[in-house]
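Okay, structure.cif now, which holds mmCIF, C-alpha atoms and all ligand atoms:
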data_coords
#
loop_
_atom_site.group_PDB
_atom_site.id
_atom_site.type_symbol
_atom_site.label_atom_id
_atom_site.label_comp_id
_atom_site.auth_asym_id
_atom_site.auth_seq_id
_atom_site.Cartn_x
_atom_site.Cartn_y
_atom_site.Cartn_z
ATOM 1 C CA MET A 1 -17.361 -6.634 13.432
ATOM 2 C CA SER A 2 -16.080 -3.261 12.323
ATOM 3 C CA THR A 3 -12.370 -2.641 11.968
ATOM 4 C CA PHE A 4 -12.575 -0.263 14.906
ATOM 5 C CA CYS A 5 -14.179 -2.828 17.201
ATOM 6 C CA ARG A 6 -11.798 -5.503 15.977
ATOM 7 C CA THR A 7 -8.859 -3.260 16.744
ATOM 8 C CA LEU A 8 -10.254 -2.549 20.209
ATOM 9 C CA SER A 9 -10.649 -6.247 20.947
ATOM 10 C CA LEU A 10 -7.152 -6.833 19.620
ATOM 11 C CA LEU A 11 -5.798 -4.167 21.919
ATOM 12 C CA ALA A 12 -7.608 -5.842 24.808
ATOM 13 C CA LEU A 13 -5.870 -9.101 23.952
ATOM 14 C CA LEU A 14 -2.554 -7.314 23.797
ATOM 15 C CA ALA A 15 -3.079 -5.951 27.291
ATOM 16 C CA VAL A 16 -2.085 -9.388 28.615
ATOM 17 C CA PRO A 17 1.384 -8.722 30.073
ATOM 18 C CA ALA A 18 3.096 -11.695 28.409
ATOM 19 C CA ALA A 19 2.013 -10.514 24.986
ATOM 20 C CA ALA A 20 2.952 -6.883 25.197
ATOM 21 C CA GLU A 21 5.330 -5.704 27.842
ATOM 22 C CA ARG A 22 5.612 -2.026 28.502
ATOM 23 C CA ASN A 23 8.438 -0.470 26.617
ATOM 24 C CA ASP A 24 10.906 -0.611 29.510
ATOM 25 C CA PRO A 25 14.652 -0.115 29.109
ATOM 26 C CA GLY A 26 16.621 -3.208 28.147
ATOM 27 C CA SER A 27 20.032 -4.629 27.350
ATOM 28 C CA LEU A 28 19.684 -5.064 23.580
ATOM 29 C CA LEU A 29 18.160 -2.592 21.150
ATOM 30 C CA ILE A 30 17.218 -3.199 17.531
ATOM 31 C CA PHE A 31 16.957 -0.234 15.178
ATOM 32 C CA PRO A 32 14.999 -1.664 12.247
ATOM 33 C CA GLU A 33 16.434 0.609 9.585
ATOM 34 C CA TYR A 34 19.320 2.898 8.832
ATOM 35 C CA ASP A 35 19.815 4.673 5.538
ATOM 36 C CA SER A 36 23.193 6.226 4.696
ATOM 37 C CA ARG A 37 22.659 6.409 0.945
ATOM 38 C CA PRO A 38 23.503 9.696 -0.766
ATOM 39 C CA GLY A 39 20.838 12.231 0.174
ATOM 40 C CA SER A 40 19.735 10.337 3.262
ATOM 41 C CA ILE A 41 20.920 10.560 6.824
ATOM 42 C CA THR A 42 20.115 8.461 9.866
ATOM 43 C CA PHE A 43 20.626 9.321 13.516
ATOM 44 C CA VAL A 44 20.865 6.474 16.016
ATOM 45 C CA THR A 45 20.603 7.295 19.699
ATOM 46 C CA VAL A 46 21.332 5.158 22.745
ATOM 47 C CA THR A 47 20.688 6.573 26.207
ATOM 48 C CA ASN A 48 21.791 5.087 29.527
ATOM 49 C CA THR A 49 19.004 5.681 32.056
ATOM 50 C CA SER A 50 21.021 4.331 34.987
ATOM 51 C CA SER A 51 21.996 6.806 37.696
ATOM 52 C CA ASP A 52 24.080 4.293 39.617
ATOM 53 C CA ALA A 53 27.448 5.948 40.284
ATOM 54 C CA ILE A 54 29.107 2.566 40.942
ATOM 55 C CA ASP A 55 27.566 0.114 38.478
ATOM 56 C CA GLY A 56 25.952 2.515 36.060
ATOM 57 C CA SER A 57 28.587 2.725 33.332
ATOM 58 C CA ILE A 58 28.417 0.395 30.348
ATOM 59 C CA ARG A 59 29.957 -0.285 26.984
ATOM 60 C CA VAL A 60 27.578 -0.556 24.066
ATOM 61 C CA HIS A 61 28.472 -2.684 21.066
ATOM 62 C CA PHE A 62 26.822 -1.357 17.900
ATOM 63 C CA ASN A 63 26.408 -3.824 15.015
ATOM 64 C CA TYR A 64 25.445 -2.474 11.607
ATOM 65 C CA VAL A 65 24.118 -5.074 9.186
ATOM 66 C CA ASP A 66 24.355 -4.151 5.518
ATOM 67 C CA ALA A 67 21.285 -5.178 3.538
ATOM 68 C CA GLU A 68 23.173 -5.961 0.352
ATOM 69 C CA THR A 69 25.960 -8.115 1.751
ATOM 70 C CA CYS A 70 24.470 -9.113 5.129
ATOM 71 C CA LEU A 71 27.938 -8.332 6.507
ATOM 72 C CA LYS A 72 28.180 -6.362 9.712
ATOM 73 C CA SER A 73 30.501 -3.732 11.034
ATOM 74 C CA ASP A 74 31.129 -2.870 14.639
ATOM 75 C CA ALA A 75 31.487 0.219 16.755
ATOM 76 C CA MET A 76 31.937 0.528 20.494
ATOM 77 C CA GLU A 77 30.865 3.342 22.791
ATOM 78 C CA THR A 78 31.107 3.777 26.545
ATOM 79 C CA LEU A 79 28.194 5.416 28.332
ATOM 80 C CA THR A 80 28.571 6.715 31.864
ATOM 81 C CA PRO A 81 25.445 7.011 34.099
ATOM 82 C CA ARG A 82 22.747 9.225 32.512
ATOM 83 C CA ASP A 83 24.874 9.473 29.361
ATOM 84 C CA THR A 84 23.490 9.566 25.851
ATOM 85 C CA ILE A 85 25.096 9.240 22.465
ATOM 86 C CA THR A 86 23.724 10.077 19.034
ATOM 87 C CA VAL A 87 25.587 9.066 15.898
ATOM 88 C CA THR A 88 25.015 9.418 12.202
ATOM 89 C CA THR A 89 25.256 5.991 10.666
ATOM 90 C CA MET A 90 27.383 7.279 7.803
ATOM 91 C CA ALA A 91 30.046 8.219 10.365
ATOM 92 C CA HIS A 92 29.546 5.226 12.669
ATOM 93 C CA ALA A 93 29.361 2.592 9.914
ATOM 94 C CA PRO A 94 31.306 4.066 6.998
ATOM 95 C CA GLY A 95 30.872 2.166 3.761
ATOM 96 C CA HIS A 96 27.496 0.752 4.771
ATOM 97 C CA SER A 97 24.598 1.910 2.654
ATOM 98 C CA ARG A 98 21.458 0.707 4.412
ATOM 99 C CA GLY A 99 20.185 -2.072 6.590
ATOM 100 C CA TYR A 100 19.542 -2.407 10.321
ATOM 101 C CA CYS A 101 21.464 -1.938 13.536
ATOM 102 C CA PHE A 102 21.475 -3.702 16.857
ATOM 103 C CA ALA A 103 23.267 -2.547 19.970
ATOM 104 C CA TYR A 104 23.797 -4.434 23.200
ATOM 105 C CA ALA A 105 25.365 -3.911 26.603
ATOM 106 C CA ARG A 106 28.872 -5.217 27.136
ATOM 107 C CA ALA A 107 31.074 -5.415 30.204
ATOM 108 C CA LEU A 108 33.434 -2.463 30.649
ATOM 109 C CA THR A 109 36.602 -4.535 30.748
ATOM 110 C CA SER A 110 35.842 -7.626 28.656
ATOM 111 C CA SER A 111 33.965 -8.607 25.510
ATOM 112 C CA GLN A 112 31.235 -10.283 27.534
ATOM 113 C CA ALA A 113 27.642 -9.386 26.702
ATOM 114 C CA VAL A 114 25.875 -8.620 29.979
ATOM 115 C CA THR A 115 22.461 -7.830 31.366
ATOM 116 C CA PHE A 116 22.156 -4.081 31.887
ATOM 117 C CA ASN A 117 18.486 -3.201 31.640
ATOM 118 C CA HIS A 118 18.918 0.558 31.463
ATOM 119 C CA LEU A 119 19.265 1.216 27.731
ATOM 120 C CA VAL A 120 16.710 3.030 25.600
ATOM 121 C CA GLY A 121 17.097 4.279 22.057
ATOM 122 C CA GLN A 122 15.608 5.863 19.016
ATOM 123 C CA VAL A 123 16.297 6.126 15.314
ATOM 124 C CA LEU A 124 15.552 9.104 13.052
ATOM 125 C CA VAL A 125 15.665 8.514 9.289
ATOM 126 C CA LEU A 126 15.761 11.462 6.891
ATOM 127 C CA ASP A 127 14.998 9.873 3.535
ATOM 128 C CA GLY A 128 16.151 12.095 0.697
ATOM 129 C CA ALA A 129 14.853 9.780 -2.025
ATOM 130 C CA HIS A 130 11.250 10.089 -0.830
ATOM 131 C CA ALA A 131 11.503 13.527 0.791
ATOM 132 C CA SER A 132 10.246 11.987 4.001
ATOM 133 C CA GLU A 133 11.410 11.551 7.542
ATOM 134 C CA TYR A 134 10.322 9.480 10.474
ATOM 135 C CA SER A 135 11.562 8.480 13.874
ATOM 136 C CA MET A 136 10.766 5.467 15.966
ATOM 137 C CA ASN A 137 11.837 3.971 19.234
ATOM 138 C CA ALA A 138 14.180 1.016 19.219
ATOM 139 C CA LEU A 139 12.766 -2.456 19.696
ATOM 140 C CA VAL A 140 13.951 -3.297 23.198
ATOM 141 C CA PHE A 141 14.974 -6.713 24.526
ATOM 142 C CA GLU A 142 15.504 -7.229 28.208
ATOM 143 C CA GLY A 143 18.547 -9.104 29.457
ATOM 144 C CA LYS A 144 17.338 -12.148 31.374
ATOM 145 C CA THR A 145 20.375 -12.987 33.529
ATOM 146 C CA ALA A 146 21.364 -11.353 36.831
ATOM 147 C CA PRO A 147 22.413 -7.703 36.453
ATOM 148 C CA GLY A 148 26.010 -7.366 35.276
ATOM 149 C CA THR A 149 26.414 -11.063 34.469
ATOM 150 C CA SER A 150 26.999 -12.685 31.096
ATOM 151 C CA THR A 151 23.993 -13.278 28.894
ATOM 152 C CA ASP A 152 25.705 -15.858 26.683
ATOM 153 C CA LEU A 153 24.415 -18.845 28.610
ATOM 154 C CA ASP A 154 25.148 -21.335 25.814
ATOM 155 C CA PHE A 155 28.574 -19.843 24.937
ATOM 156 C CA ASP A 156 27.728 -19.630 21.239
ATOM 157 C CA GLY A 157 28.718 -15.978 20.875
ATOM 158 C CA LEU A 158 25.179 -15.112 19.757
ATOM 159 C CA ARG A 159 22.611 -12.934 21.453
ATOM 160 C CA ASP A 160 19.819 -15.498 21.723
ATOM 161 C CA LEU A 161 16.339 -13.982 21.810
ATOM 162 C CA ASP A 162 15.078 -17.052 23.620
ATOM 163 C CA GLY A 163 13.648 -15.785 26.888
ATOM 164 C CA LEU A 164 16.761 -17.017 28.728
ATOM 165 C CA GLU A 165 19.528 -14.762 27.406
ATOM 166 C CA TYR A 166 17.244 -11.961 26.199
ATOM 167 C CA GLY A 167 13.514 -11.527 25.812
ATOM 168 C CA ALA A 168 11.841 -13.678 23.165
ATOM 169 C CA THR A 169 10.633 -12.388 19.802
ATOM 170 C CA PRO A 170 6.969 -12.140 18.828
ATOM 171 C CA ASP A 171 5.345 -15.195 17.275
ATOM 172 C CA LYS A 172 3.278 -12.989 14.987
ATOM 173 C CA ILE A 173 3.242 -9.293 14.170
ATOM 174 C CA VAL A 174 0.075 -7.291 13.633
ATOM 175 C CA ILE A 175 -0.204 -4.002 11.769
ATOM 176 C CA PRO A 176 -3.524 -2.517 12.931
ATOM 177 C CA ARG A 177 -4.129 -0.397 9.851
ATOM 178 C CA PHE A 178 -2.878 0.171 6.335
ATOM 179 C CA PHE A 179 -4.307 2.533 3.764
ATOM 180 C CA GLY A 180 -5.210 1.231 0.317
ATOM 181 C CA GLN A 181 -2.133 1.756 -1.837
ATOM 182 C CA VAL A 182 -2.328 4.134 -4.789
ATOM 183 C CA PRO A 183 0.210 3.809 -7.624
ATOM 184 C CA PRO A 184 2.112 6.982 -8.515
ATOM 185 C CA SER A 185 0.174 7.376 -11.770
ATOM 186 C CA GLY A 186 -3.102 7.183 -9.863
ATOM 187 C CA GLY A 187 -3.002 10.566 -8.201
ATOM 188 C CA GLY A 188 0.290 10.919 -6.415
ATOM 189 C CA ASP A 189 2.109 8.588 -4.097
ATOM 190 C CA TYR A 190 0.678 9.896 -0.864
ATOM 191 C CA MET A 191 -0.743 6.476 0.019
ATOM 192 C CA ARG A 192 2.511 4.617 -0.183
ATOM 193 C CA ALA A 193 3.623 2.398 2.645
ATOM 194 C CA GLU A 194 6.674 0.201 2.835
ATOM 195 C CA LEU A 195 7.369 -2.718 5.082
ATOM 196 C CA VAL A 196 10.750 -3.141 6.751
ATOM 197 C CA LEU A 197 11.545 -6.814 7.352
ATOM 198 C CA LEU A 198 14.487 -8.352 9.128
ATOM 199 C CA GLY A 199 15.268 -12.006 9.639
ATOM 200 C CA LEU A 200 16.549 -13.367 12.934
ATOM 201 C CA THR A 201 17.667 -16.841 11.825
ATOM 202 C CA GLY A 202 21.010 -15.829 10.354
ATOM 203 C CA THR A 203 22.731 -14.003 7.550
ATOM 204 C CA ARG A 204 22.834 -17.110 5.306
ATOM 205 C CA PHE A 205 19.058 -17.573 5.312
ATOM 206 C CA THR A 206 16.236 -16.466 3.065
ATOM 207 C CA THR A 207 13.111 -15.914 5.153
ATOM 208 C CA THR A 208 9.575 -16.357 3.862
ATOM 209 C CA ILE A 209 6.791 -14.530 5.679
ATOM 210 C CA ASN A 210 3.133 -15.509 5.472
ATOM 211 C CA PHE A 211 0.670 -12.633 5.297
ATOM 212 C CA LEU A 212 -3.011 -12.555 6.218
ATOM 213 C CA ILE A 213 -4.453 -9.324 4.878
ATOM 214 C CA TYR A 214 -7.966 -8.159 5.813
ATOM 215 C CA ASN A 215 -10.045 -5.494 4.181
ATOM 216 C CA ASP A 216 -12.356 -3.254 6.241
ATOM 217 C CA ASN A 217 -15.101 -5.886 6.188
ATOM 218 C CA GLU A 218 -13.302 -8.938 7.622
ATOM 219 C CA GLU A 219 -12.565 -10.410 4.215
ATOM 220 C CA GLY A 220 -9.146 -12.057 4.213
ATOM 221 C CA PHE A 221 -6.438 -12.614 1.606
ATOM 222 C CA SER A 222 -3.197 -14.525 1.965
ATOM 223 C CA SER A 223 0.200 -13.861 0.486
ATOM 224 C CA GLN A 224 3.872 -14.682 0.957
ATOM 225 C CA PHE A 225 7.046 -12.676 0.642
ATOM 226 C CA SER A 226 10.698 -13.771 0.823
ATOM 227 C CA PHE A 227 13.745 -11.702 1.654
ATOM 228 C CA ASP A 228 17.364 -12.149 2.691
ATOM 229 C CA CYS A 229 18.699 -10.590 5.888
ATOM 230 C CA TRP A 230 16.830 -7.281 5.523
ATOM 231 C CA ASP A 231 14.481 -5.646 3.089
ATOM 232 C CA ARG A 232 12.261 -2.617 2.742
ATOM 233 C CA VAL A 233 9.520 -3.289 0.235
ATOM 234 C CA PRO A 234 6.418 -1.395 -0.921
ATOM 235 C CA LEU A 235 3.212 -3.104 0.198
ATOM 236 C CA ARG A 236 2.062 -3.318 -3.409
ATOM 237 C CA GLN A 237 5.037 -5.542 -4.226
ATOM 238 C CA ILE A 238 3.980 -7.965 -1.521
ATOM 239 C CA SER A 239 0.363 -8.346 -2.605
ATOM 240 C CA GLY A 240 -2.226 -6.746 -4.837
ATOM 241 C CA ALA A 241 -4.580 -7.049 -1.862
ATOM 242 C CA PHE A 242 -2.976 -3.861 -0.491
ATOM 243 C CA ASP A 243 -4.072 -1.921 -3.566
ATOM 244 C CA ASN A 244 -6.775 0.694 -3.082
ATOM 245 C CA ALA A 245 -8.488 -0.040 -6.395
ATOM 246 C CA PHE A 246 -8.534 -3.769 -5.691
ATOM 247 C CA LEU A 247 -9.964 -3.248 -2.206
ATOM 248 C CA SER A 248 -12.548 -0.789 -3.480
ATOM 249 C CA LEU A 249 -13.664 -2.568 -6.644
ATOM 250 C CA ALA A 250 -12.881 -6.258 -6.271
ATOM 251 C CA THR A 251 -13.653 -7.049 -2.639
ATOM 252 C CA ASN A 252 -16.721 -7.127 -0.451
ATOM 253 C CA ASN A 253 -15.534 -4.056 1.398
ATOM 254 C CA ASP A 254 -17.543 -1.733 3.607
ATOM 255 C CA PRO A 255 -18.473 1.133 1.265
ATOM 256 C CA THR A 256 -18.914 3.592 4.156
ATOM 257 C CA GLU A 257 -15.354 3.158 5.435
ATOM 258 C CA ILE A 258 -12.950 4.941 5.776
ATOM 259 C CA LEU A 259 -15.567 6.873 7.735
ATOM 260 C CA GLY A 260 -15.468 10.382 6.381
ATOM 261 C CA LEU A 261 -13.395 9.371 3.357
ATOM 262 C CA PRO A 262 -15.376 6.698 1.478
ATOM 263 C CA GLY A 263 -13.472 5.505 -1.562
ATOM 264 C CA TRP A 264 -10.217 5.398 0.339
ATOM 265 C CA GLU A 265 -9.837 1.954 1.716
ATOM 266 C CA SER A 266 -8.125 0.612 4.780
ATOM 267 C CA GLY A 267 -7.375 -2.782 6.223
ATOM 268 C CA TRP A 268 -5.063 -4.563 8.604
ATOM 269 C CA PHE A 269 -2.682 -7.459 8.374
ATOM 270 C CA GLU A 270 -0.925 -10.128 10.319
ATOM 271 C CA MET A 271 2.460 -11.731 9.614
ATOM 272 C CA ASP A 272 3.985 -15.007 10.705
ATOM 273 C CA GLY A 273 7.212 -16.704 9.722
ATOM 274 C CA GLY A 274 6.738 -19.504 7.197
ATOM 275 C CA ALA A 275 10.221 -20.909 6.743
ATOM 276 C CA ALA A 276 13.817 -19.736 6.538
ATOM 277 C CA SER A 277 16.251 -21.637 4.363
ATOM 278 C CA SER A 278 19.994 -21.691 3.837
ATOM 279 C CA SER A 279 21.706 -23.993 1.332
ATOM 280 C CA THR A 280 21.731 -26.751 3.953
ATOM 281 C CA THR A 281 19.060 -26.023 6.537
ATOM 282 C CA THR A 282 15.381 -25.122 6.730
ATOM 283 C CA VAL A 283 13.928 -23.611 9.895
ATOM 284 C CA LEU A 284 10.147 -23.608 10.222
ATOM 285 C CA ASP A 285 8.368 -20.644 11.799
ATOM 286 C CA PRO A 286 11.511 -18.476 11.807
ATOM 287 C CA ALA A 287 11.847 -15.425 14.010
ATOM 288 C CA PHE A 288 11.593 -12.057 12.287
ATOM 289 C CA LEU A 289 10.683 -8.432 12.924
ATOM 290 C CA ALA A 290 8.668 -6.029 10.801
ATOM 291 C CA VAL A 291 7.815 -2.334 10.898
ATOM 292 C CA LEU A 292 5.474 -0.478 8.574
ATOM 293 C CA VAL A 293 6.766 2.877 7.320
ATOM 294 C CA GLU A 294 4.218 5.171 5.751
ATOM 295 C CA ALA A 295 6.424 7.126 3.428
ATOM 296 C CA GLN A 296 4.125 9.856 2.267
ATOM 297 C CA ARG A 297 5.003 13.438 3.083
ATOM 298 C CA LEU A 298 3.827 13.111 6.652
ATOM 299 C CA SER A 299 5.707 9.935 7.365
ATOM 300 C CA SER A 300 5.222 7.708 10.325
ATOM 301 C CA ALA A 301 6.512 4.466 11.710
ATOM 302 C CA SER A 302 5.571 2.856 14.968
ATOM 303 C CA LEU A 303 6.462 -0.177 16.983
ATOM 304 C CA PRO A 304 4.456 -3.165 15.794
ATOM 305 C CA PHE A 305 1.882 -4.997 17.851
ATOM 306 C CA THR A 306 2.849 -8.522 18.699
ATOM 307 C CA LEU A 307 1.005 -11.792 19.305
ATOM 308 C CA GLY A 308 2.594 -14.473 21.440
ATOM 309 C CA SER A 309 6.291 -15.214 21.539
ATOM 310 C CA GLN A 310 8.839 -17.647 20.170
ATOM 311 C CA THR A 311 12.379 -18.496 21.158
ATOM 312 C CA ASN A 312 14.322 -19.397 18.003
ATOM 313 C CA GLY A 313 15.689 -15.965 17.079
ATOM 314 C CA ALA A 314 19.291 -14.831 17.543
ATOM 315 C CA LEU A 315 21.677 -12.041 16.593
ATOM 316 C CA LEU A 316 23.532 -12.688 14.542
ATOM 317 C CA SER A 317 24.303 -16.148 13.232
ATOM 318 C CA GLN A 318 26.506 -16.352 10.155
ATOM 319 C CA SER A 319 26.354 -20.133 9.961
ATOM 320 C CA LEU A 320 24.495 -22.221 7.378
ATOM 321 C CA SER A 321 22.800 -24.107 10.185
ATOM 322 C CA GLY A 322 21.552 -21.002 11.941
ATOM 323 C CA HIS A 323 22.610 -21.525 15.529
HETATM 324 CA CA CA A 401 24.087 -17.256 23.193
HETATM 325 CA CA CA A 402 5.887 -17.206 14.353
#

Let me see whether you can do it: turn the structure in this file into C-alpha cells.
Ligand SMILES: [Ca+2]
Ligand SMILES: [Ca+2]
Amino acid sequence: MSTFCRTLSLLALLAVPAAAERNDPGSLLIFPEYDSRPGSITFVTVTNTSSDAIDGSIRVHFNYVDAETCLKSDAMETLTPRDTITVTTMAHAPGHSRGYCFAYARALTSSQAVTFNHLVGQVLVLDGAHASEYSMNALVFEGKTAPGTSTDLDFDGLRDLDGLEYGATPDKIVIPRFFGQVPPSGGGDYMRAELVLLGLTGTRFTTTINFLIYNDNEEGFSSQFSFDCWDRVPLRQISGAFDNAFLSLATNNDPTEILGLPGWESGWFEMDGGAASSSTTTVLDPAFLAVLVEAQRLSSASLPFTLGSQTNGALLSQSLSGH
C-alpha cells in the first residue's frame, strides 16, 4: 500500500468520533512549547468563546513548566465573556527559559478547578536560534463534570486526564509524514525536524517512548527515546531511521517517492509510551504528548493524530509515585 493510501485509510480510522474529536473549546489547554531564551519570543493566547453575560466569566490558571528543573510557575488571568488575552511567556513566566504551559479554568472566587468548556488557545513561537517561527493551536481537553462544578473528583489537587475529570489522553500518537533528515553538512539544514515530547506521569519521572518508524514502502524500524518532563529533540537523535541517506540507500524504499522529488525520502511514525520511572515507581504505558516541529525556514507544527485513549495522565504530579 502506498503511503498516500495508508494515510487515507488512517484518516478514515480517525474519523471514528471516540478517536478524534473535533477541536471544540475545552476547560484545559496544553501549549506544547514555549521558548523565552535570548533571541526567542513566545506568545500564548487564551480566548473565552462564551457570550453568557451571567456565567461567562472565568479565571484561567496558567502553569509554566520549566524543562530544565521541571518546576512550574503560576499566573492567573480573569477573562470576561468574549475576552481574549495574549501574553509573552518571558513576561508571564519570568525566569523560565523553555518548556511547556498548561492553562485551565478556575472558579472566579475560589481555587477550585471547574468545567468551563469555552476556552480555545494558540501558541506562536519565534525561534531566534533557528530563524524560524511557527504557530499551533493548543491541545484542548474538555471538562467532564457539570458546567461550573469542580473537576477534582478525587480531591488530589491534580487535573486528571482520565475521562472523568477531563478528556483522556491518546493511547498512541501518529505523525503522518516526516521528511528524510539531512545533516547540516549534507546540503543545508532545510530538512530538519524536531520532536517536542512531554510526559504526563509527573515531574519526578523519566518517560521512555517506543517508536515505530516506517519508510515509504511499509518497511518498519523500531527505536526508543527517554526524556524527563519535557524535551525537544532532533529526529536524527532519536533514530538513524529518520535519516535521508539511510532511507534512500539502506532500506527497501520506493525509489519513485517522494513523487516529483525522487531521492528525497519520506515516511511516517507512531509513538506509544513504554514506561515511566521515578526512583521508586515504574508506570507502564505512561501518558505523553508529542508534536513534530519542522524547523526549516518555512516552519510548521500541527496537532498530532491520535489512536485510542488512555486514562493514566495528570497535570501535574510532583510525587515519586505519580498520582
Ligand atoms: Ca484530580
Ligand atoms: Ca499508550

Between CA of Tyr104 (chain A) and CA of Met271 (chain A), what is the spacing in Å? 26.3 Å

Which residues are close to region 39-46 of chain A, i.e. within 6 Å by all atoms listed in the file, leaving aside same-chain residues fewer than 5 positions away? Reply as a list of chain:residue names. A:Tyr34, A:Thr84, A:Ile85, A:Thr86, A:Val87, A:Thr88, A:Thr89, A:Val120, A:Gly121, A:Gln122, A:Val123, A:Leu124, A:Val125, A:Leu126, A:Asp127, A:Gly128

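Checking A:Glu265, A:Asp154, A:Glu68, A:Asp55 one by one against Asn244 (chain A), counting all atoms listed in the file, you find the shortest gap at A:Glu265.
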
Counting only C-alpha atoms and all ligand atoms, name the residues that have an atom within 12 Å of an atom of ligand CA 401 (chain A); the answer should be given as a count of residues only. 31

Give the residues close to ligand CA 402 (chain A), within 6 Å, counting all atoms listed in the file; write them as a VMD selection string. chain A and resid 171 to 172 272 to 273 285

Output, as AutoDock Vina command-line options, the centre and edge lengths in Å (one decimal) of the axis-aligned box that contains all listed atoms of region 225-228 of chain A with 3 Å of margin on each side.
--center_x 12.2 --center_y -12.7 --center_z 1.7 --size_x 16.3 --size_y 8.1 --size_z 8.0

Using the chain letters and numbering of this document, enumerate as a VMD selection string the residues selected by the PyMOL selection byres (((chain A and resi 198) around 6) and not hetatm). chain A and resid 197 199 229 to 230 288 to 289

Would you save the residues of that selection, restricted to C-alpha atoms, as a PDB file, in the coordinates of the input?
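Okay, this is what ended up in out-v3.pdb:
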ATOM      1  CA  LEU A 197      11.545  -6.814   7.352  1.00  0.00           C
ATOM      2  CA  GLY A 199      15.268 -12.006   9.639  1.00  0.00           C
ATOM      3  CA  CYS A 229      18.699 -10.590   5.888  1.00  0.00           C
ATOM      4  CA  TRP A 230      16.830  -7.281   5.523  1.00  0.00           C
ATOM      5  CA  PHE A 288      11.593 -12.057  12.287  1.00  0.00           C
ATOM      6  CA  LEU A 289      10.683  -8.432  12.924  1.00  0.00           C
TER       7      LEU A 289
END

Would you kindly return, as a PDB file with C-alpha atoms, in the coordinates of the input, each protein, DNA or RNA residue with an atom no farther than 10 Å from any atom of Pro94 (chain A), considering all atoms listed in the file and excluding same-chain residues fewer than 3 positions away?
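Dumped everything to selection_21.pdb:
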ATOM      1  CA  SER A  36      23.193   6.226   4.696  1.00  0.00           C
ATOM      2  CA  TYR A  64      25.445  -2.474  11.607  1.00  0.00           C
ATOM      3  CA  SER A  73      30.501  -3.732  11.034  1.00  0.00           C
ATOM      4  CA  THR A  88      25.015   9.418  12.202  1.00  0.00           C
ATOM      5  CA  THR A  89      25.256   5.991  10.666  1.00  0.00           C
ATOM      6  CA  MET A  90      27.383   7.279   7.803  1.00  0.00           C
ATOM      7  CA  ALA A  91      30.046   8.219  10.365  1.00  0.00           C
ATOM      8  CA  SER A  97      24.598   1.910   2.654  1.00  0.00           C
TER       9      SER A  97
END

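Taking CA of Leu292 (chain A) as the reference point, CA of Gly267 (chain A) is found at 13.3 Å.
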
So how far away is CA of Glu270 (chain A) from CA of Gly220 (chain A), in Å? 10.4 Å

Compile the contact shell of Pro32 (chain A) as a ChimeraX atom specification: residues with an atom at most 7 Å away, counting all atoms listed in the file, same-chain residues fewer than 2 positions apart removed. /A:30,100-101

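The residues returned by the PyMOL selection byres (((chain A and resi 24) around 10) and not hetatm) for this structure are Glu21, Arg22, Asn23, Pro25, Gly26, Asn117, His118, Leu119, Val120, Val140, Phe141 and Glu142 of chain A.
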
Identify all residues satisfying the PyMOL selection byres (((chain A and resi 102) around 6) and not hetatm) in the given file; provide them as a compact mmCIF listing (two decimals) with C-alpha atoms, keeping the file's coordinate frame.
# COMPACT_ATOMS: atom_id res chain seq x y z
CA LEU A 29 18.16 -2.59 21.15
CA ILE A 30 17.22 -3.20 17.53
CA PHE A 31 16.96 -0.23 15.18
CA PHE A 62 26.82 -1.36 17.90
CA ASN A 63 26.41 -3.82 15.02
CA CYS A 101 21.46 -1.94 13.54
CA ALA A 103 23.27 -2.55 19.97

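Summary of the local environment: counting only C-alpha atoms, residues at most 6 Å from Ala67 (chain A), other than itself and those fewer than 3 positions away along its chain, are Cys70, Arg98, Gly99 and Trp230 of chain A.
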
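Comparing the minimum interatomic distances between Asp83 (chain A) and each of A:Pro170, A:Pro176, A:Gly56, A:Gly274, counting all atoms listed in the file, we find that A:Gly56 sits nearest.
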
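Of the residues under consideration (A:Pro262, A:Gly148, A:Pro304, A:Gly167), A:Pro304 shows the shortest atom-to-atom contact distance to Leu195 (chain A) when counting only C-alpha atoms.
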